[in-house]
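Peer 1: Contents of model_35.cif (mmCIF, C-alpha atoms (C1' of nucleotides)):
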```cif
data_entry
#
loop_
_atom_site.label_atom_id
_atom_site.label_comp_id
_atom_site.auth_asym_id
_atom_site.auth_seq_id
_atom_site.Cartn_x
_atom_site.Cartn_y
_atom_site.Cartn_z
CA MET A 1 -23.30 11.88 -2.98
CA LYS A 2 -24.76 14.37 -0.54
CA ASP A 3 -22.92 12.98 2.43
CA ILE A 4 -19.48 13.80 1.11
CA GLU A 5 -19.44 16.82 3.38
CA SER A 6 -19.99 14.70 6.42
CA LEU A 7 -17.11 12.34 6.03
CA GLY A 8 -14.46 14.35 7.75
CA LEU A 9 -12.76 14.93 4.45
CA THR A 10 -9.86 17.31 4.61
CA LYS A 11 -9.42 19.77 1.81
CA GLN A 12 -6.62 17.67 0.40
CA ARG A 13 -8.81 14.61 0.29
CA ARG A 14 -11.61 16.62 -1.19
CA ALA A 15 -9.30 17.88 -3.91
CA VAL A 16 -8.23 14.35 -4.77
CA LEU A 17 -11.80 13.13 -4.83
CA GLN A 18 -12.92 16.03 -6.96
CA THR A 19 -10.08 15.44 -9.38
CA ILE A 20 -11.14 11.87 -9.89
CA HIS A 21 -14.78 12.77 -10.25
CA GLU A 22 -14.08 15.39 -12.85
CA ALA A 23 -11.77 13.21 -14.92
CA GLU A 24 -12.94 11.91 -18.22
CA LYS A 25 -10.94 8.75 -17.90
CA HIS A 26 -9.18 6.58 -15.38
CA LEU A 27 -6.19 8.38 -13.90
CA THR A 28 -2.87 7.24 -12.56
CA ALA A 29 -1.67 8.52 -9.19
CA ASN A 30 0.66 10.81 -11.09
CA GLN A 31 -2.13 12.32 -13.11
CA VAL A 32 -4.21 12.75 -10.00
CA PHE A 33 -1.29 14.55 -8.41
CA ASP A 34 -0.90 16.91 -11.35
CA ASP A 35 -4.58 17.71 -11.52
CA ALA A 36 -5.06 18.01 -7.78
CA ARG A 37 -2.20 20.44 -7.71
CA ARG A 38 -4.23 22.77 -9.87
CA LEU A 39 -6.99 22.76 -7.29
CA LEU A 40 -4.68 22.89 -4.31
CA PRO A 41 -1.21 23.98 -5.32
CA GLY A 42 0.56 22.95 -2.12
CA ILE A 43 -0.56 19.35 -2.01
CA SER A 44 2.24 16.83 -1.80
CA PHE A 45 2.74 13.55 -3.49
CA ALA A 46 2.63 11.58 -0.29
CA THR A 47 -0.70 13.14 0.57
CA VAL A 48 -2.13 12.19 -2.78
CA TYR A 49 -1.19 8.58 -2.14
CA ASN A 50 -2.49 8.73 1.41
CA SER A 51 -5.71 10.24 0.18
CA LEU A 52 -6.15 7.70 -2.57
CA ASN A 53 -5.75 4.91 -0.06
CA TYR A 54 -8.07 6.60 2.37
CA LEU A 55 -10.77 7.18 -0.23
CA LYS A 56 -10.42 3.65 -1.41
CA ARG A 57 -10.87 2.34 2.09
CA LYS A 58 -13.96 4.49 2.48
CA GLY A 59 -15.37 3.13 -0.75
CA LEU A 60 -15.45 6.50 -2.48
CA ILE A 61 -13.20 5.49 -5.32
CA SER A 62 -11.86 2.22 -6.65
CA GLU A 63 -8.51 1.07 -7.87
CA ILE A 64 -7.69 -0.89 -10.99
CA ARG A 65 -4.40 -2.69 -11.12
CA PHE A 66 -3.82 -4.50 -14.32
CA GLY A 67 -2.78 -3.84 -17.85
CA THR A 68 -0.25 -1.13 -17.26
CA ASP A 69 2.50 -0.57 -14.76
CA ALA A 70 0.63 1.91 -12.63
CA SER A 71 -2.64 1.64 -10.78
CA LEU A 72 -5.56 3.56 -12.16
CA TYR A 73 -8.22 5.24 -10.07
CA ASP A 74 -11.87 5.16 -10.88
CA ARG A 75 -14.82 7.17 -9.57
CA LYS A 76 -17.10 4.23 -10.17
CA VAL A 77 -17.22 2.06 -7.11
CA THR A 78 -19.93 -0.36 -8.10
CA PRO A 79 -18.42 -3.55 -9.49
CA HIS A 80 -18.05 -3.38 -13.21
CA ASP A 81 -15.90 -4.89 -15.90
CA HIS A 82 -13.23 -3.64 -18.24
CA ALA A 83 -11.85 -4.13 -21.69
CA ILE A 84 -8.18 -3.61 -22.34
CA CYS A 85 -6.37 -3.23 -25.63
CA ASN A 86 -3.55 -5.67 -26.22
CA ASN A 87 -1.86 -3.20 -28.48
CA CYS A 88 -2.06 0.29 -26.97
CA GLY A 89 -3.13 -0.56 -23.43
CA LYS A 90 -6.28 1.50 -23.58
CA LEU A 91 -8.72 0.63 -20.81
CA VAL A 92 -12.46 1.18 -21.01
CA ASP A 93 -15.40 0.33 -18.82
CA LEU A 94 -17.67 -2.49 -19.75
CA GLU A 95 -21.11 -3.02 -18.33
CA LEU A 96 -22.03 -6.62 -18.78
CA PRO A 97 -24.73 -8.56 -17.01
CA LEU A 98 -23.23 -11.75 -15.71
CA PRO A 99 -25.24 -14.93 -15.71
CA ASP A 100 -26.77 -15.86 -12.38
CA GLY A 101 -24.98 -18.55 -10.55
CA LEU A 102 -21.60 -17.76 -12.00
CA LEU A 103 -20.35 -16.28 -8.76
CA ALA A 104 -21.62 -19.21 -6.79
CA ALA A 105 -20.09 -21.67 -9.22
CA ALA A 106 -16.73 -19.96 -9.04
CA ALA A 107 -16.83 -19.77 -5.26
CA ASP A 108 -17.70 -23.41 -5.10
CA ARG A 109 -14.73 -24.46 -7.18
CA THR A 110 -12.18 -22.44 -5.29
CA LYS A 111 -13.63 -22.80 -1.80
CA PHE A 112 -13.33 -19.03 -1.60
CA LYS A 113 -15.94 -16.95 0.11
CA ALA A 114 -16.84 -14.90 -2.92
CA ALA A 115 -17.30 -11.18 -2.73
CA SER A 116 -17.50 -10.21 -6.36
CA ILE A 117 -16.52 -11.29 -9.78
CA GLU A 118 -14.77 -9.23 -12.37
CA LEU A 119 -14.34 -9.71 -16.03
CA ILE A 120 -11.63 -8.49 -18.33
CA LEU A 121 -11.91 -8.54 -22.06
CA HIS A 122 -8.57 -8.67 -23.83
CA GLY A 123 -8.51 -7.64 -27.42
CA LEU A 124 -7.96 -4.77 -29.80
CA CYS A 125 -9.62 -1.39 -29.40
CA PRO A 126 -11.39 0.15 -32.40
CA GLU A 127 -8.37 2.27 -33.31
CA CYS A 128 -5.87 -0.55 -33.08
CA SER A 129 -7.97 -3.08 -34.93
CA LYS A 130 -7.98 -1.09 -38.14
CA MET B 1 6.25 -30.19 -24.44
CA LYS B 2 8.63 -32.20 -26.54
CA ASP B 3 9.53 -29.33 -28.79
CA ILE B 4 11.11 -27.28 -26.06
CA GLU B 5 14.47 -28.48 -27.25
CA SER B 6 13.90 -27.17 -30.70
CA LEU B 7 13.17 -23.60 -29.88
CA GLY B 8 16.67 -22.24 -29.85
CA LEU B 9 16.46 -21.78 -26.13
CA THR B 10 19.67 -20.71 -24.49
CA LYS B 11 20.62 -22.31 -21.24
CA GLN B 12 19.55 -19.20 -19.36
CA ARG B 13 16.13 -19.27 -20.93
CA ARG B 14 15.86 -22.95 -20.28
CA ALA B 15 16.71 -22.39 -16.63
CA VAL B 16 14.02 -19.74 -16.32
CA LEU B 17 11.49 -21.94 -18.05
CA GLN B 18 12.38 -24.92 -15.91
CA THR B 19 12.09 -22.84 -12.76
CA ILE B 20 8.59 -21.80 -13.66
CA HIS B 21 7.58 -25.30 -14.62
CA GLU B 22 8.83 -26.77 -11.39
CA ALA B 23 7.24 -24.14 -9.19
CA GLU B 24 4.26 -25.10 -7.10
CA LYS B 25 2.76 -21.65 -7.37
CA HIS B 26 2.92 -18.50 -9.39
CA LEU B 27 6.26 -16.78 -8.98
CA THR B 28 7.38 -13.18 -9.08
CA ALA B 29 10.36 -12.22 -11.22
CA ASN B 30 12.36 -12.03 -8.03
CA GLN B 31 11.49 -15.55 -7.03
CA VAL B 32 12.27 -16.78 -10.51
CA PHE B 33 15.65 -15.11 -10.23
CA ASP B 34 16.42 -16.75 -6.88
CA ASP B 35 15.39 -20.18 -8.07
CA ALA B 36 17.00 -19.91 -11.48
CA ARG B 37 20.21 -18.94 -9.74
CA ARG B 38 20.23 -22.34 -8.09
CA LEU B 39 20.13 -23.99 -11.51
CA LEU B 40 22.51 -21.57 -13.13
CA PRO B 41 24.46 -19.61 -10.54
CA GLY B 42 25.76 -16.94 -12.86
CA ILE B 43 22.49 -15.82 -14.34
CA SER B 44 21.81 -12.13 -14.02
CA PHE B 45 18.69 -10.25 -13.14
CA ALA B 46 18.44 -8.55 -16.48
CA THR B 47 18.60 -11.90 -18.21
CA VAL B 48 15.80 -13.23 -16.09
CA TYR B 49 13.64 -10.33 -17.16
CA ASN B 50 14.70 -10.68 -20.77
CA SER B 51 13.99 -14.37 -20.65
CA LEU B 52 10.60 -13.90 -19.06
CA ASN B 53 9.65 -11.48 -21.79
CA TYR B 54 11.03 -13.75 -24.45
CA LEU B 55 9.21 -16.80 -23.15
CA LYS B 56 6.04 -14.81 -22.84
CA ARG B 57 6.32 -13.68 -26.44
CA LYS B 58 6.86 -17.27 -27.50
CA GLY B 59 3.78 -18.33 -25.61
CA LEU B 60 5.66 -20.66 -23.28
CA ILE B 61 4.60 -18.91 -20.12
CA SER B 62 2.04 -16.30 -19.21
CA GLU B 63 2.07 -13.24 -17.04
CA ILE B 64 -0.46 -12.17 -14.45
CA ARG B 65 -0.52 -8.55 -13.45
CA PHE B 66 -3.07 -7.83 -10.81
CA GLY B 67 -3.60 -8.20 -7.14
CA THR B 68 -0.08 -7.54 -5.96
CA ASP B 69 2.60 -5.06 -6.85
CA ALA B 70 4.66 -7.46 -8.88
CA SER B 71 3.82 -9.50 -11.92
CA LEU B 72 3.47 -13.21 -11.44
CA TYR B 73 4.54 -15.82 -13.95
CA ASP B 74 2.54 -18.89 -14.79
CA ARG B 75 3.40 -22.06 -16.64
CA LYS B 76 -0.17 -22.35 -17.79
CA VAL B 77 -0.63 -20.58 -21.07
CA THR B 78 -4.13 -21.58 -21.96
CA PRO B 79 -6.58 -18.88 -20.93
CA HIS B 80 -7.90 -19.50 -17.47
CA ASP B 81 -9.30 -17.57 -14.59
CA HIS B 82 -8.16 -16.70 -11.12
CA ALA B 83 -9.42 -16.12 -7.63
CA ILE B 84 -7.68 -13.65 -5.39
CA CYS B 85 -7.98 -13.21 -1.65
CA ASN B 86 -8.95 -9.73 -0.52
CA ASN B 87 -7.21 -10.28 2.76
CA CYS B 88 -3.90 -12.08 2.17
CA GLY B 89 -3.52 -11.59 -1.57
CA LYS B 90 -3.33 -15.30 -2.29
CA LEU B 91 -3.90 -16.11 -5.94
CA VAL B 92 -5.19 -19.42 -7.23
CA ASP B 93 -6.21 -20.78 -10.58
CA LEU B 94 -9.81 -21.22 -11.42
CA GLU B 95 -11.13 -23.33 -14.23
CA LEU B 96 -14.58 -22.13 -15.10
CA PRO B 97 -16.55 -22.78 -18.23
CA LEU B 98 -17.87 -19.47 -19.49
CA PRO B 99 -21.25 -19.25 -21.10
CA ASP B 100 -21.25 -19.17 -24.86
CA GLY B 101 -21.77 -15.80 -26.35
CA LEU B 102 -20.30 -13.90 -23.43
CA LEU B 103 -17.22 -12.99 -25.40
CA ALA B 104 -19.27 -11.88 -28.36
CA ALA B 105 -21.57 -9.85 -26.14
CA ALA B 106 -18.65 -8.11 -24.47
CA ALA B 107 -16.96 -7.40 -27.76
CA ASP B 108 -20.14 -6.00 -29.13
CA ARG B 109 -20.58 -3.56 -26.30
CA THR B 110 -17.05 -2.23 -26.39
CA LYS B 111 -16.49 -2.35 -30.14
CA PHE B 112 -13.29 -4.17 -29.32
CA LYS B 113 -12.06 -7.01 -31.42
CA ALA B 114 -12.11 -9.61 -28.69
CA ALA B 115 -9.27 -12.02 -28.17
CA SER B 116 -10.12 -13.58 -24.86
CA ILE B 117 -12.02 -13.03 -21.71
CA GLU B 118 -10.73 -13.40 -18.22
CA LEU B 119 -12.50 -13.64 -14.96
CA ILE B 120 -11.33 -12.72 -11.51
CA LEU B 121 -13.09 -13.79 -8.38
CA HIS B 122 -12.49 -11.47 -5.45
CA GLY B 123 -13.18 -12.86 -2.03
CA LEU B 124 -11.68 -14.59 0.96
CA CYS B 125 -9.55 -17.68 0.69
CA PRO B 126 -10.37 -20.66 2.92
CA GLU B 127 -7.75 -19.67 5.51
CA CYS B 128 -8.81 -16.04 5.71
CA SER B 129 -12.52 -16.73 5.82
CA LYS B 130 -12.30 -18.61 9.11
"C1'" DT C 1 -6.18 27.98 25.70
"C1'" DT C 2 -4.00 23.57 25.91
"C1'" DC C 3 -3.56 19.02 24.59
"C1'" DT C 4 -3.74 15.03 21.68
"C1'" DA C 5 -4.29 12.55 17.70
"C1'" DA C 6 -4.55 12.67 13.05
"C1'" DA C 7 -3.10 14.73 8.71
"C1'" DT C 8 0.24 16.80 5.92
"C1'" DC C 9 4.69 17.80 4.19
"C1'" DA C 10 9.33 17.18 1.84
"C1'" DG C 11 12.22 14.20 0.75
"C1'" DA C 12 14.49 9.74 1.38
"C1'" DA C 13 13.90 4.82 0.76
"C1'" DT C 14 12.18 0.79 -1.40
"C1'" DT C 15 10.67 -2.16 -5.01
"C1'" DA C 16 9.81 -3.56 -9.63
"C1'" DT C 17 11.33 -3.14 -14.02
"C1'" DT C 18 13.93 -1.42 -18.01
"C1'" DC C 19 17.94 0.38 -20.18
"C1'" DT C 20 22.92 0.75 -21.47
"C1'" DA C 21 27.21 -0.33 -22.99
"C1'" DA C 22 30.66 -3.71 -22.88
"C1'" DT C 23 31.53 -8.44 -23.46
"C1'" DT C 24 30.60 -13.17 -24.89
"C1'" DC C 25 28.41 -16.67 -27.46
"C1'" DT C 26 26.61 -19.00 -31.71
"C1'" DA C 27 26.26 -20.49 -35.99
"C1'" DA C 28 26.95 -19.62 -40.79
"C1'" DA C 29 30.32 -18.58 -44.34
"C1'" DT C 30 34.83 -18.74 -45.68
"C1'" DA D 1 40.02 -23.74 -38.24
"C1'" DT D 2 38.87 -18.55 -38.67
"C1'" DT D 3 36.21 -14.81 -39.38
"C1'" DT D 4 32.30 -12.43 -38.81
"C1'" DA D 5 27.69 -10.60 -37.77
"C1'" DG D 6 24.05 -10.68 -34.94
"C1'" DA D 7 21.94 -12.07 -30.86
"C1'" DA D 8 22.29 -12.97 -25.90
"C1'" DT D 9 24.25 -12.06 -21.53
"C1'" DT D 10 26.16 -9.37 -17.98
"C1'" DA D 11 26.69 -5.80 -14.17
"C1'" DG D 12 25.17 -2.05 -12.84
"C1'" DA D 13 22.89 2.37 -13.60
"C1'" DA D 14 18.47 4.53 -14.49
"C1'" DT D 15 13.61 5.03 -14.14
"C1'" DA D 16 9.07 4.77 -12.32
"C1'" DA D 17 5.65 3.65 -8.89
"C1'" DT D 18 4.81 3.53 -4.31
"C1'" DT D 19 5.72 3.63 0.64
"C1'" DC D 20 8.09 5.22 4.63
"C1'" DT D 21 10.11 8.63 7.94
"C1'" DG D 22 10.35 12.19 11.01
"C1'" DA D 23 9.24 16.85 11.58
"C1'" DT D 24 5.54 20.18 11.40
"C1'" DT D 25 0.78 21.66 11.13
"C1'" DT D 26 -4.00 21.33 11.98
"C1'" DA D 27 -8.51 20.33 14.15
"C1'" DG D 28 -11.22 19.19 17.57
"C1'" DA D 29 -11.88 17.79 22.49
"C1'" DA D 30 -11.12 18.95 27.22
#
```
Show how you would write the structure in this file as C-alpha cells.
Peer 2:
Amino acid sequence: MKDIESLGLTKQRRAVLQTIHEAEKHLTANQVFDDARRLLPGISFATVYNSLNYLKRKGLISEIRFGTDASLYDRKVTPHDHAICNNCGKLVDLELPLPDGLLAAAADRTKFKAASIELILHGLCPECSK
Amino acid sequence: MKDIESLGLTKQRRAVLQTIHEAEKHLTANQVFDDARRLLPGISFATVYNSLNYLKRKGLISEIRFGTDASLYDRKVTPHDHAICNNCGKLVDLELPLPDGLLAAAADRTKFKAASIELILHGLCPECSK
DNA sequence: TTCTAAATCAGAATTATTCTAATTCTAAAT
DNA sequence: ATTTAGAATTAGAATAATTCTGATTTAGAA
C-alpha cells in the first residue's frame, strides 16, 4: 500500500483508514469514530461517515452489512467469506476456496451479471457451542 | 401449511403472516405494516414488529439483513441463497445446489459448529446490466 | 493573492427498530 | 357467568444508525 500517499487523502481520511488498519477486528462506524478521535481529536461524526464512504468507493476498505444492526468496516478488500454466530453475533473471516463454476452457475440461474460471490456460515462460535 | 390454524396465532399475527405470504417480493417491516393495515386497519407498528419477531422465532418466516438498510421478510423458510444488484439493490432468490462437504470444510476452518451456509451473489441485475 | 471546488464541521433530520406503560384480550379455574 | 393471571396489543416515546444541511475552512489552480 505504497500509493496511499498519492490518493489525495486528507488527514481525516487518513486517520479513518489508519484506524481501520490498526484494528484487530471489524469495527462499527461508532468504534471507528471513537478510535479516530484519538488520532485526530477534532474529527466529526459526519466526516467519519463521509470518509468511510469515500474509502469504500476507492476500494481501500470494505463494508459488511449483515448479522448486527450496524455496518462493520473491514481493511480486507479482496472478496472473502464470513462466519457469524447465531448466539452472540460474533463475526469472523473465513477463507474458503470456492469450487470453479459456482459463480457462473449462479449467474446463469439469476440472469445476473455476476461480480462476486460471498458465503456466510451461520452457526455457533467456539465459545457459544460449549 | 394446514397447521397455521393451530398455532395460537392472534389475528394480528395472522394478518402479518398473510401479508408476507401474499407478497410478490420480499417486504420491509414498513411495507408489511402498510399492507397488514389494509387487512386489519387498527394494527400498530409495534405489533407488526412483535409479530415479525414472533413468526421468525416460530420458523414461519425468515429475515434477510443485508444489501439495504432495512431488514426484509421472506415467506420462504428453507435455507436458500440470494443475488443482489450492486446498482439498484434488487434482491432475488437463488436456488443453488451447494457442493457436499462445503459446510463441513467451512466449519472446520472456523471451529464453528455449523448450522447452515448461505451464499450471496453480487452483480448486476438484468435491467441494470444493459 | 484570489478564486473555486471540495472537505469538514456541528448539529438537525431521518429511518429503522425497540422499549414502556397502560389497556385489552384469552382461556382456564372457579 | 365471573374472576383472574398472563400474554398480546396499543400509542407513542426512546434509541441507534446513518444521512442531510448550511455555514465555515482548506487546498490547489489561476
Peer 1: Considering only C-alpha atoms (C1' of nucleotides), give me a table of residues in chain D that are at most 9 Å from segment 2-12 of chain C, with the closest atom pair and distance in Å for each, as a Markdown table.
Peer 2:
```
| residue | atom | partner | partner_atom | distance |
| --- | --- | --- | --- | --- |
| D:DC20 | C1' | C:DA12 | C1' | 8.5 |
| D:DT21 | C1' | C:DA12 | C1' | 8.0 |
| D:DA23 | C1' | C:DC9 | C1' | 8.7 |
| D:DT24 | C1' | C:DC9 | C1' | 7.6 |
| D:DT25 | C1' | C:DT8 | C1' | 7.1 |
| D:DT26 | C1' | C:DA7 | C1' | 7.4 |
| D:DA27 | C1' | C:DA6 | C1' | 8.7 |
| D:DA29 | C1' | C:DT4 | C1' | 8.6 |
| D:DA30 | C1' | C:DC3 | C1' | 8.0 |
```
Peer 1: Rank nothing, just name the residue among D:DG6, D:DG22, D:DA1, D:DA11 nearest to chain B, using only C-alpha atoms (C1' of nucleotides).
Peer 2: D:DA11
Peer 1: Using only C-alpha atoms (C1' of nucleotides), which residues of chain B come within 10 Å of chain D, and what is the closest atom pair for each, with the distance in Å to one decimal? Give it as CSV, sorted by chain and residue number.
Peer 2:
```
residue,atom,partner,partner_atom,distance
B:Thr10,CA,D:DA8,C1',8.3
B:Gln12,CA,D:DT9,C1',8.8
B:Gly42,CA,D:DT10,C1',9.1
B:Ile43,CA,D:DT10,C1',8.3
B:Ser44,CA,D:DT10,C1',6.5
B:Phe45,CA,D:DT10,C1',8.9
B:Ala46,CA,D:DT10,C1',7.9
B:Thr47,CA,D:DT9,C1',6.6
B:Asn50,CA,D:DA8,C1',9.4
B:Ser51,CA,D:DA8,C1',9.9
B:Asp69,CA,D:DT18,C1',9.2
```
Peer 1: Quick check on the file I pasted: which residues fall under the PyMOL selection byres ((chain A) within 7 of (chain B))? Write them as a list in words.
Peer 2: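 When the PyMOL selection byres ((chain A) within 7 of (chain B)) is applied, the selected residues are Arg65, Phe66, Gly67, Leu94, Leu96, Ala106, Thr110, Lys111, Phe112, Lys113, Ala114, Ala115, Ser116, Ile117, Glu118, Leu119, Ile120, Leu121, His122, Gly123, Leu124, Cys125, Pro126 and Ser129 of chain A.
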Peer 1: Here's the selection I'm unsure about, the PyMOL selection byres ((chain C) within 10 of (chain B)); applied to the file above, which residues does it give, as a list in words?
Peer 2: DT15, DA16, DT17, DT18 and DC19 of chain C
Peer 1: Could you please determine the separation between atom CA of Leu40 of chain B and atom CA of Leu60 of chain B in Å, to one decimal place?
Peer 2: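 Separating atom CA of Leu40 of chain B from atom CA of Leu60 of chain B is a distance of 19.7 Å.
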Peer 1: To one decimal place, how far is atom CA of Leu39 of chain A from atom CA of His21 of chain A in Å?
Peer 2: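 Pair atom CA of Leu39 of chain A / atom CA of His21 of chain A returns 13.0 Å.
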Peer 1: To one decimal place, how far is atom CA of Leu17 of chain A from atom CA of Gly89 of chain A in Å?
Peer 2: 24.7 Å
Peer 1: Once the PyMOL selection byres ((chain B and resi 31) around 12) is applied to the coordinates I shared, what remains selected? I want it as JSON, numbers by chain.
Peer 2: {"B": [16, 19, 20, 23, 24, 25, 26, 27, 28, 29, 30, 32, 33, 34, 35, 36, 37, 38, 45, 48, 49, 70, 71, 72, 73]}
Peer 1: My list of candidates is B:Lys11, B:Gln18, B:Thr78, B:Asp100. Which is closest to Gly59 of chain B when distances are computed with all atoms listed in the file?
Peer 2: B:Thr78
